[in-house]
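All remarks here apply to the structure that follows.
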Protein chains: 2
Amino acid sequence: MPEKVLIYSRFPKALMLRIGERFELLDAGGKPPNEVFAADQLSDIRAMITAGGTPLGGDMMDMMPKLGAIVCYGTGYDGVDLAAARKRKITVGHSPGANASSVADIAVTLMLAATRRLLVADNYVRSGDWAATKPSPMMRPQPGMPGRRIGVYGMGEIGRKIASRVAAFESEVGYFSRSQHDVPYRYFPSLDALAEWCSVLMIAVRAGADTHHAVDANILKKLGEDGYVVNIARGSVIDQAALIAALESKTIAGAGLDVYEKEPHPPDALTAFPNVVLSPHIGGHTLESHTAMQDCVMANLGAYFAGSPLPYAVKGG
Amino acid sequence: MPEKVLIYSRFPKALMLRIGERFELLDAGGKPPNEVFAADQLSDIRAMITAGGTPLGGDMMDMMPKLGAIVCYGTGYDGVDLAAARKRKITVGHSPGANASSVADIAVTLMLAATRRLLVADNYVRSGDWAATKPSPMMRPQPGMPGRRIGVYGMGEIGRKIASRVAAFESEVGYFSRSQHDVPYRYFPSLDALAEWCSVLMIAVRAGADTHHAVDANILKKLGEDGYVVNIARGSVIDQAALIAALESKTIAGAGLDVYEKEPHPPDALTAFPNVVLSPHIGGHTLESHTAMQDCVMANLGAYFAGSPLPYAVKGG
């Protein structure tokens, strides 16, 4: 008999096919498990798979009295109440680095598309405005990448991969992180100092209480009117209302966002701006990235059911 | 009295402001000069500024009997009839490398946006389809950059800058050029061999009779169904009808285009595809790039009127 594993978040079926070959999957499809399954179905579940950003509190864990492992699909685990898990001695795993390249790539994609006004440009061609040589203030030349100061907030695996990509565009790269790393980029001791220096801020920091709304009205103002903010981390790191206000008042020039405070519900005020580029949390959404994340999930589940420590355990989880 | 300079192509006025401070500009605005100016106005014109891709034959040159210098704004000069110029001992100058970084950046922007389906993604968010969790086959995970084989066609300054940027994305980079260069990328002896090897073809070759329609149905087929073509060089390098056919038959996965066979008139068949990313020939369209191109134009004109050789002369021009 294959071991039972609860699927907590809403995942496309195709992503779970391979895992389903080895485990019996009970798909709660984003709903509280007790709304989808009877108590006796949940009673012998020992492991679950979740998207790290999905809120997962002790009350949900308690619906499964035998739950011993929470396995996050992806690198994030900010939705998981680690204290509640610890209390019940539930081990928490994730997929560190598995999606780092893919996420860094979308960060650079959003940065380039926003700063070069790619969506406006594409629309200018498709609408026939170009053929009609219709003037467009949005199509005025913009500052390019060479010499541009790009600030990376967070210097984990994703931050490092963003920095090495961005440096190839002849840009200057600086960063802020809790501690200085052995990387060839200029270190700033605070997010304030980084924002003062750079004109494009790339958010690649882990979400948590200490980074909640770290990018606020003050930080955005420091980026300046040629400034852009790109967020591929978590929506919670930006004060989204302050971002909307900064875009409205032209305090900054634009933004590139893969993540939002409430997903999948970016506010209408945000989706109305022509100078922002929006993607639906697809940072880790490449074939190779999914394969690598599935590898981590399989390895974590396999180890757990074999009674071994998780190979990709969350530190302090 | 400032020297007179004819503006042959259609340029935004803002681009000519600085040049207009030093020279008296006669703006033909894209029309044959004799339709805009009387013969006696043209009779003493000794220099002209043109966009390199604009057709400029001997008949146009002959409208200005004293013409001695054709200065191209940008790196290209494929529109200029060099033989006709040579016959009249008209020297031809351009702006080599001035826009190379800017053009390489738009090449990578188009590549990333096309391969990660950025326009589809942005529309998925803005339309509310994401909020409604509406399934979208276009949003399925795509191959990412790490390990992807990127072929660069042409290894001039723009080709080299594309290659160094693309390599930072953990991709494999190969190239074809008339001759092998001292660069750390795999050399292919033919465009056929390069297309067979790579899945993304970046066109960065100089336009001319030898590269006309070099990327044809055969080359596109070799890229394969996961293949993309990105063109930031000149529209003439791709057989545009073959490209449309390849996109229609899903012989390739998509394309990113900054240039077209007839500008500003990309065909409707092309602008209807959701899996292509289109920009209106904005490769060199950054503030720094325009400044650098203007520097070259000023230096070329200054030298010419001082009786010196052009500092940025076209070889064989």
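Following the order of the structure tokens, first chain is A, next is B, and so on, with residues numbered from 1 inside each chain and ligands from 1 in the order they appear.
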
Where in range 47-202 of chain A does DSSP assign strand (DSSP E or B), given as number ranges by chain?
A: 47-51, 56, 69-73, 80, 91-93, 142, 149-153, 172-176, 186-187, 200-202

Mind writing the picked residues with N, CA and C atoms as a short mmCIF file (atom, residue, chain, number, x, y, z; two decimals), in the first residue's frame?
data_model
loop_
_atom_site.label_atom_id
_atom_site.label_comp_id
_atom_site.auth_asym_id
_atom_site.auth_seq_id
_atom_site.Cartn_x
_atom_site.Cartn_y
_atom_site.Cartn_z
N ALA A 47 1.80 12.76 6.20
CA ALA A 47 2.59 13.78 5.49
C ALA A 47 1.69 14.59 4.57
N MET A 48 2.08 15.83 4.33
CA MET A 48 1.31 16.68 3.41
C MET A 48 2.26 17.52 2.56
N ILE A 49 1.75 17.91 1.38
CA ILE A 49 2.50 18.79 0.48
C ILE A 49 1.75 20.12 0.42
N THR A 50 2.49 21.23 0.54
CA THR A 50 1.85 22.54 0.48
C THR A 50 2.73 23.49 -0.34
N ALA A 51 2.10 24.56 -0.86
CA ALA A 51 2.89 25.65 -1.44
C ALA A 51 3.32 26.52 -0.26
N LEU A 56 -0.80 28.10 6.60
CA LEU A 56 -1.01 26.75 7.15
C LEU A 56 -0.76 26.83 8.65
N ALA A 69 5.03 15.32 8.87
CA ALA A 69 5.89 16.03 7.92
C ALA A 69 5.07 16.96 7.04
N ILE A 70 5.55 18.20 6.95
CA ILE A 70 4.98 19.17 6.01
C ILE A 70 6.05 19.44 4.97
N VAL A 71 5.74 19.14 3.71
CA VAL A 71 6.72 19.29 2.65
C VAL A 71 6.27 20.42 1.73
N CYS A 72 7.07 21.50 1.69
CA CYS A 72 6.74 22.64 0.84
C CYS A 72 7.26 22.42 -0.57
N TYR A 73 6.40 22.70 -1.55
CA TYR A 73 6.78 22.62 -2.96
C TYR A 73 7.33 23.98 -3.33
N VAL A 80 3.80 28.59 6.55
CA VAL A 80 3.73 27.52 7.55
C VAL A 80 4.01 28.08 8.95
N THR A 91 8.02 17.78 11.29
CA THR A 91 9.19 18.26 10.56
C THR A 91 8.74 18.97 9.29
N VAL A 92 9.46 20.04 8.91
CA VAL A 92 9.06 20.83 7.74
C VAL A 92 10.20 20.81 6.71
N GLY A 93 9.85 20.49 5.48
CA GLY A 93 10.86 20.45 4.41
C GLY A 93 10.48 21.39 3.28
N GLN A 142 14.43 55.61 -22.72
CA GLN A 142 14.57 55.42 -21.28
C GLN A 142 16.04 55.16 -20.95
N ARG A 149 22.47 51.46 -11.65
CA ARG A 149 22.71 50.89 -10.33
C ARG A 149 21.54 50.01 -9.92
N ILE A 150 21.84 48.73 -9.82
CA ILE A 150 20.80 47.75 -9.48
C ILE A 150 21.05 47.26 -8.06
N GLY A 151 20.05 47.39 -7.23
CA GLY A 151 20.15 46.94 -5.84
C GLY A 151 19.42 45.63 -5.64
N VAL A 152 20.09 44.66 -5.05
CA VAL A 152 19.46 43.37 -4.78
C VAL A 152 19.23 43.27 -3.27
N TYR A 153 18.00 43.04 -2.91
CA TYR A 153 17.62 42.94 -1.50
C TYR A 153 17.49 41.46 -1.15
N GLU A 172 26.02 48.32 -12.49
CA GLU A 172 26.63 48.24 -11.17
C GLU A 172 25.65 47.50 -10.26
N VAL A 173 26.16 46.60 -9.45
CA VAL A 173 25.29 45.82 -8.57
C VAL A 173 25.67 46.05 -7.11
N GLY A 174 24.68 46.37 -6.31
CA GLY A 174 24.86 46.48 -4.87
C GLY A 174 23.82 45.61 -4.18
N TYR A 175 24.01 45.35 -2.89
CA TYR A 175 23.01 44.53 -2.20
C TYR A 175 22.94 44.87 -0.73
N PHE A 176 21.80 44.53 -0.17
CA PHE A 176 21.65 44.55 1.28
C PHE A 176 21.13 43.19 1.71
N ARG A 186 28.86 45.43 -4.18
CA ARG A 186 28.98 46.40 -3.09
C ARG A 186 27.92 46.13 -2.03
N TYR A 187 28.35 46.07 -0.80
CA TYR A 187 27.43 45.81 0.31
C TYR A 187 26.92 47.10 0.93
N VAL A 200 17.07 50.67 -9.43
CA VAL A 200 16.21 49.49 -9.60
C VAL A 200 16.43 48.59 -8.38
N LEU A 201 15.35 48.30 -7.68
CA LEU A 201 15.45 47.45 -6.49
C LEU A 201 14.84 46.09 -6.81
N MET A 202 15.66 45.04 -6.68
CA MET A 202 15.20 43.68 -6.96
C MET A 202 14.99 42.99 -5.61
#

Range 31-46 of chain B environment, 7 Å, only C-alpha atoms, sequence neighbours closer than 2 positions dropped, as JSON, numbers by chain
{"B": [4, 5, 6, 28, 29, 60, 63, 64, 65, 66, 67, 68, 69]}

List every residue of chain B that has an atom at most 8 Å from any atom of chain A, giving for each one its closest atom pair and the distance in Å to one decimal, counting only C-alpha atoms, sorted by chain and then by ascending residue number, as a tab-separated table.
residue	atom	partner	partner_atom	distance
B:Ser101	CA	A:Pro146	CA	7.2
B:Ser102	CA	A:Gly144	CA	6.5
B:Asp105	CA	A:Phe169	CA	7.3
B:Ile106	CA	A:Arg116	CA	7.8
B:Thr109	CA	A:Leu112	CA	5.7
B:Leu112	CA	A:Thr109	CA	5.7
B:Ala113	CA	A:Thr109	CA	6.3
B:Arg116	CA	A:Ile106	CA	7.8
B:Leu118	CA	A:Ser279	CA	7.0
B:Leu119	CA	A:Leu119	CA	7.0
B:Ala121	CA	A:Ser279	CA	5.1
B:Asp122	CA	A:Leu278	CA	4.8
B:Tyr124	CA	A:Pro280	CA	7.3
B:Val125	CA	A:Pro280	CA	5.9
B:Arg126	CA	A:Thr271	CA	5.4
B:Trp130	CA	A:Pro264	CA	6.0
B:Ala131	CA	A:Pro264	CA	4.8
B:Thr133	CA	A:Pro264	CA	7.8
B:Pro141	CA	A:Thr286	CA	4.7
B:Gln142	CA	A:Thr286	CA	5.0
B:Pro143	CA	A:Leu287	CA	5.2
B:Gly144	CA	A:Thr286	CA	5.4
B:Met145	CA	A:Ser102	CA	7.5
B:Pro146	CA	A:Ser101	CA	7.1
B:Ser164	CA	A:Ala168	CA	6.6
B:Arg165	CA	A:Ala168	CA	5.1
B:Ala168	CA	A:Arg165	CA	5.1
B:Phe169	CA	A:Arg165	CA	6.2
B:Glu263	CA	A:Ala131	CA	7.6
B:Pro264	CA	A:Ala131	CA	4.8
B:His265	CA	A:Ala131	CA	5.3
B:Pro266	CA	A:Val125	CA	7.8
B:Thr271	CA	A:Arg126	CA	5.4
B:Ala272	CA	A:Arg126	CA	7.8
B:Val277	CA	A:Asp122	CA	6.4
B:Leu278	CA	A:Asp122	CA	4.8
B:Ser279	CA	A:Asp122	CA	5.0
B:Pro280	CA	A:Val125	CA	5.9
B:His285	CA	A:Pro141	CA	5.4
B:Thr286	CA	A:Pro141	CA	4.7
B:Leu287	CA	A:Pro143	CA	5.2
B:Glu288	CA	A:Pro143	CA	6.6
B:Ser289	CA	A:Gly144	CA	7.9

What does the distance from CA of Asn300 in chain B to CA of Pro55 in chain B come to in Å, to one decimal?
20.5 Å

Run DSSP on the backbone and give me the residues of range 97-282 of chain A it puts in helix (DSSP H, G or I), as a ChimeraX atom specification.
/A:100-115,118-126,137-139,157-167,191-197,217-223,235-237,240-248,268-271

Among the residues A:Met155, A:Ala255, A:Ala209, A:Leu26, the one that comes closest to Asp226 in chain A [using only C-alpha atoms]
A:Ala255
